[in-house]
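For reference, the structure is listed below as structure tokens.
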Amino acid sequence: MVMLHHKPRAQACFRRSQVGSVQSTYLLTLVIGLVLGLMLTALSYNFSPLRVIENWLMDIRVSLLSSSAEPHPDVLILTINEDTLAGLQYRHPVDRAFLANVLKVLDQAKPKVIGLDVLLDQATEVEKDSALKLQMSSISTPLYVAFAGEADGLTPKQAAYLEAYVPLSKRASVNLARDAYDGIIRTTAGSFTELLFPAGNTPEVLNLSSSPDSSAYWDGAVKKFPAHQVEKLPASWLQDKIILIGAELSLTDRYPTSWTALLGPAMGSMPGVEIHAQSVINRINGKGYWRAPSWAQAMGITVLLLLALSLAYSEFSMWAKGLMFVGLAVAWLALAVEVMSTTSYVLQVFTPMMALVLGGALGGLSRGMQYRTEKQFIRQAMSHYVAPELVQALQKDPSLLRLGGERRRVAMIFTDISGFAGLSENMPAEELVSNLNEYLHGISELVAQHGGIVDKYIGDAVVALFNTPVEQKDFATQALLCALAVDEFAEQFRRDMTAKGWTWGVTRIGLHVDDVVVGNVGGRKRFDYTAMGDGMNTASRLEAVNAYMGTRLLVSQAVLDEARVPATYGLFEVANVLLKGKKHGVQCFTLLQETGAIYTQYQAAMQALKVGNQAGQLDKANALFLEIPPQASCASLCAFHIRRIQNESQRSDVDWSANVFEPGGKSLAEA
């Protein structure tokens, strides 16, 4: 016969039933991951704390990647500094006559364009105001003057004065837009920078090649000259140049830039006029930084999240997963730096790291749920073979299933269907498998209900163990009750099959208790939990010798020594069976539900049989057995004794007193 072990069958069943569940769970998790990736991208643009962190990390990279540079030859600043103000009659507003003279000198030198980053929003001395206004109107060099309105924070009076004072053609917005999330100046888009140098796009983030107020960085990326010394500058220094005029004071007109991330708010601020100048240089050189398009950010974040999810969901070890997660993080950071250096596009870095963590958490959660589902399935599957209490014990202490064995007192049940080979030849294969599965399932359920485990299926035979791998206080009683329940179930199943027109054989059952070795036997990758020892052989042979006794259930004396016999059953002594290979017989009994009168008569017959040939007691025993009606439950057992008396009454070597019987020759059914 082909041995069919229940563990591989359960595993195969699990694989078939779970593969669809695993795939659908994984796909559902991927869809959730995709949605979360897109949501996370949206948050990185709109959720203030996340945007601030991304901005800060971007500014760190901008500051580190910004390199020292020689002053651009075509851009310079005329600064109104403390020395300039010291030579004027008053500090604020800036002397209009002084500004008119600066413009006059510059116009004579014929620069390319002039940007006046001084807000002329209030009246001063009438004569000086008129002189500057006239100079702005008559200047031949393209001139753009700082302009603002009430929306930029001016009072109505200031806005009205500026509107009337600055010619329409000379106006240019000078307002530097602070980032809505952290207040940092990163772009001059919409300001007069675009008028000073119209070509190119204004970067979203300026490449500030000089560090403000820091000797550690080149402080001359933009040429600077004090405005009050303009008359001393050679005209060739000013000709065809883009010239900006603005304040460079320690306390006014300073704005936080990307340098604040590296140098702090105090040192990271820069005069507005210098920000404009460096913006012009960025446009000339085609340098600066742009945030990567939102679709690219979304793709990168989502892909990272899905990779992390898949990695966490995978079967790799925790160490391997950890190394791969670190590898993904490092790879993204390296990619972000490389893309920024070569293309000037800025990829987010904090949000992708969040995507890694979120993907890992989602994948781990999904895998954990899958594991729990698998454990639940296994628990349910195992419950078909073993008691729920045993499943719980194995879950609490998996070491119970370690490779190896231990000696333990165990109750063993062997069952087999008589004549099954002939049945399997006549019944269609599909129907045979279906009926056999139903039959084996019923027995397995009964074993589990009584706290046992199905050790194995051997074709149509079942081997069940009690008191292993966890201890049962009343294991022998439970095994006996299980054997009786199996006998009742098998008989009903046989009757049902007979009603369907099939001759289903009687189920023979052997039950024995003995000390055997139990544990996992096999290789390191595949093994079976089983019992080994002489007791297993005894239980198996007890099942087989039922065919000689006319019984369906044989129970050894060892079982009765430890089990409680149900009051509804009568204990019928069968024989002291001398099994093959044994020196001593095994006292066997069967349990039957019989009337008191028949049970008493059977006991009297057995008592006479044990006397043997003395005083005609065998004839008496034979007569008593013959008087038991054929419809009695013990009729087949009586037939065994009658046949035994007929065959052995003349033998002198038979030990009738010990009721010894050695099976041999044809069985009762065969005879």
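Within each chain, counting starts at residue 1; across the structure tokens, chains are named A, B, ... in the order shown, with ligands numbered 1 upward in that order.
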Tell me which protein, DNA and RNA residues are within 8 Å of range 71-74 of chain A, counting only C-alpha atoms, leaving out same-chain ones fewer than 2 positions away, and put them as a list in words.
Ala69, Leu76, Gly220, Ala221, Val222, Lys223, Asp240, Lys241, Ile242 and Ile281 of chain A
Selection near range 483-491 of chain A, 7 Å with only C-alpha atoms, sequence-local residues under 6 positions removed, as a ChimeraX atom specification:
/A:443,446,507
Expected file: the selected residues, C-alpha atoms, as a tab-separated table (two decimals), in the first residue's frame:
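Wrote it out as selection19.tsv, contents follow:
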```
chain	number	residue	atom	x	y	z
A	443	ILE	CA	-12.56	9.07	11.89
A	446	LEU	CA	-13.53	11.59	16.29
A	507	THR	CA	-13.74	-1.64	10.01
```
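Distances here use only C-alpha atoms; by that measure, the residue among A:Ser269, A:Thr342, A:Asn622, A:Thr29 closest to Leu307 in chain A is A:Thr29.
Among the candidate residues A:Thr260, A:Thr124, A:Arg283, A:Ala151, the one lying nearest to Gln89 in chain A is A:Thr124, with distances computed using only C-alpha atoms.
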Between A:Thr600, A:Thr595, A:Met497, A:Ala563, smallest distance to Ser633 in chain A by only C-alpha atoms belongs to A:Thr595
Neighbouring residues of Thr141 in chain A were defined as those with any atom within 7 Å, considering only C-alpha atoms; residues of the same chain fewer than 5 positions away were excluded. Please report them as a VMD selection string.
chain A and resid 107 110 to 113
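CA of Ser418 in chain A sits 18.1 Å away from CA of Ala499 in chain A.
The closest residue to Ala476 in chain A, picked from A:Thr351, A:Ser556, A:Ser63, A:Asn576 and counting only C-alpha atoms, is A:Ser556.
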Tell me, in Å to one decimal, how far CA of Asp121 in chain A is from CA of Ala100 in chain A.
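According to the coordinates, CA of Asp121 in chain A and CA of Ala100 in chain A are separated by 15.8 Å.
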Would you pick out the contacts of Val105 in chain A at 12 Å or less, using only C-alpha atoms, so that residues sharing its chain but fewer than 2 positions from it are not included, and give the list as JSON, numbers by chain?
{"A": [98, 99, 100, 101, 102, 103, 107, 108, 109, 110, 111, 114, 135, 139, 140, 141, 227, 228, 229, 230, 231, 232, 233, 234, 235, 238, 239]}
Within range 276-361 of chain A, find each residue whose DSSP state, derived from the backbone, is helix (DSSP H, G or I), and express the selection as a ChimeraX atom specification.
/A:276-285,294-313,318-343,350-361
Got time to write the residues from that selection, C-alpha atoms, as a compact mmCIF listing (two decimals), in the first residue's frame?
```txt
# COMPACT_ATOMS: atom_id res chain seq x y z
CA HIS A 276 18.82 90.11 -7.53
CA ALA A 277 22.37 90.27 -8.83
CA GLN A 278 22.99 86.58 -8.27
CA SER A 279 19.65 85.82 -9.90
CA VAL A 280 20.81 87.74 -12.99
CA ILE A 281 24.05 85.75 -12.99
CA ASN A 282 22.06 82.50 -12.74
CA ARG A 283 20.06 83.55 -15.81
CA ILE A 284 23.21 84.47 -17.74
CA ASN A 285 24.98 81.22 -16.84
CA SER A 294 5.47 66.60 -9.58
CA TRP A 295 4.87 63.58 -11.83
CA ALA A 296 8.54 62.57 -11.49
CA GLN A 297 8.41 63.01 -7.73
CA ALA A 298 5.20 60.99 -7.55
CA MET A 299 6.69 58.22 -9.67
CA GLY A 300 9.87 58.04 -7.60
CA ILE A 301 8.05 58.08 -4.27
CA THR A 302 5.49 55.51 -5.39
CA VAL A 303 8.08 53.18 -6.88
CA LEU A 304 10.16 53.36 -3.69
CA LEU A 305 7.10 52.66 -1.56
CA LEU A 306 6.11 49.67 -3.69
CA LEU A 307 9.67 48.31 -3.67
CA ALA A 308 9.81 48.61 0.11
CA LEU A 309 6.39 47.01 0.37
CA SER A 310 7.41 44.08 -1.83
CA LEU A 311 10.66 43.69 0.06
CA ALA A 312 8.92 43.62 3.43
CA TYR A 313 6.37 41.17 2.03
CA MET A 318 15.34 40.12 8.48
CA TRP A 319 19.05 40.77 7.99
CA ALA A 320 18.72 40.60 4.23
CA LYS A 321 15.68 42.86 4.29
CA GLY A 322 17.47 45.37 6.50
CA LEU A 323 20.47 45.51 4.17
CA MET A 324 18.20 45.91 1.16
CA PHE A 325 16.27 48.73 2.84
CA VAL A 326 19.52 50.54 3.61
CA GLY A 327 20.63 49.94 0.02
CA LEU A 328 17.41 51.46 -1.33
CA ALA A 329 17.78 54.51 0.91
CA VAL A 330 21.43 55.07 -0.04
CA ALA A 331 20.65 54.53 -3.73
CA TRP A 332 17.92 57.17 -3.66
CA LEU A 333 20.08 59.69 -1.84
CA ALA A 334 22.90 59.12 -4.32
CA LEU A 335 20.45 59.48 -7.20
CA ALA A 336 19.10 62.74 -5.75
CA VAL A 337 22.60 64.22 -5.49
CA GLU A 338 23.56 63.02 -8.97
CA VAL A 339 20.40 64.37 -10.58
CA MET A 340 20.83 67.70 -8.83
CA SER A 341 24.48 67.98 -9.88
CA THR A 342 23.95 67.03 -13.51
CA THR A 343 20.47 68.32 -14.36
CA PHE A 350 12.71 63.06 3.16
CA THR A 351 9.39 62.05 1.64
CA PRO A 352 10.98 59.11 -0.24
CA MET A 353 12.52 57.95 3.04
CA MET A 354 9.04 58.16 4.56
CA ALA A 355 7.81 56.14 1.58
CA LEU A 356 10.41 53.48 2.37
CA VAL A 357 9.29 53.32 5.99
CA LEU A 358 5.61 53.40 5.09
CA GLY A 359 6.06 50.76 2.39
CA GLY A 360 8.03 48.58 4.77
CA ALA A 361 5.39 48.97 7.45
```
May I ask which of the residues A:Asp460, A:Tyr599, A:Phe316, A:Gly190 is the closest one to Glu438 in chain A, counting only C-alpha atoms?
A:Asp460
Could you please write out, as a list of chain:residue names, every residue of range 253-449 of chain A that DSSP assigns to strand (DSSP E)?
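Filtering range 253-449 of chain A down to strand (DSSP E) leaves A:Arg254, A:Tyr255, A:Pro256, A:Ser269, A:Met270, A:Pro271, A:Trp290, A:Arg291, A:Tyr345, A:Val346, A:Gly404, A:Gly405, A:Glu406, A:Arg407, A:Arg408, A:Arg409, A:Val410, A:Ala411, A:Met412, A:Ile413, A:Phe414, A:Thr415, A:Asp416, A:Ile417.
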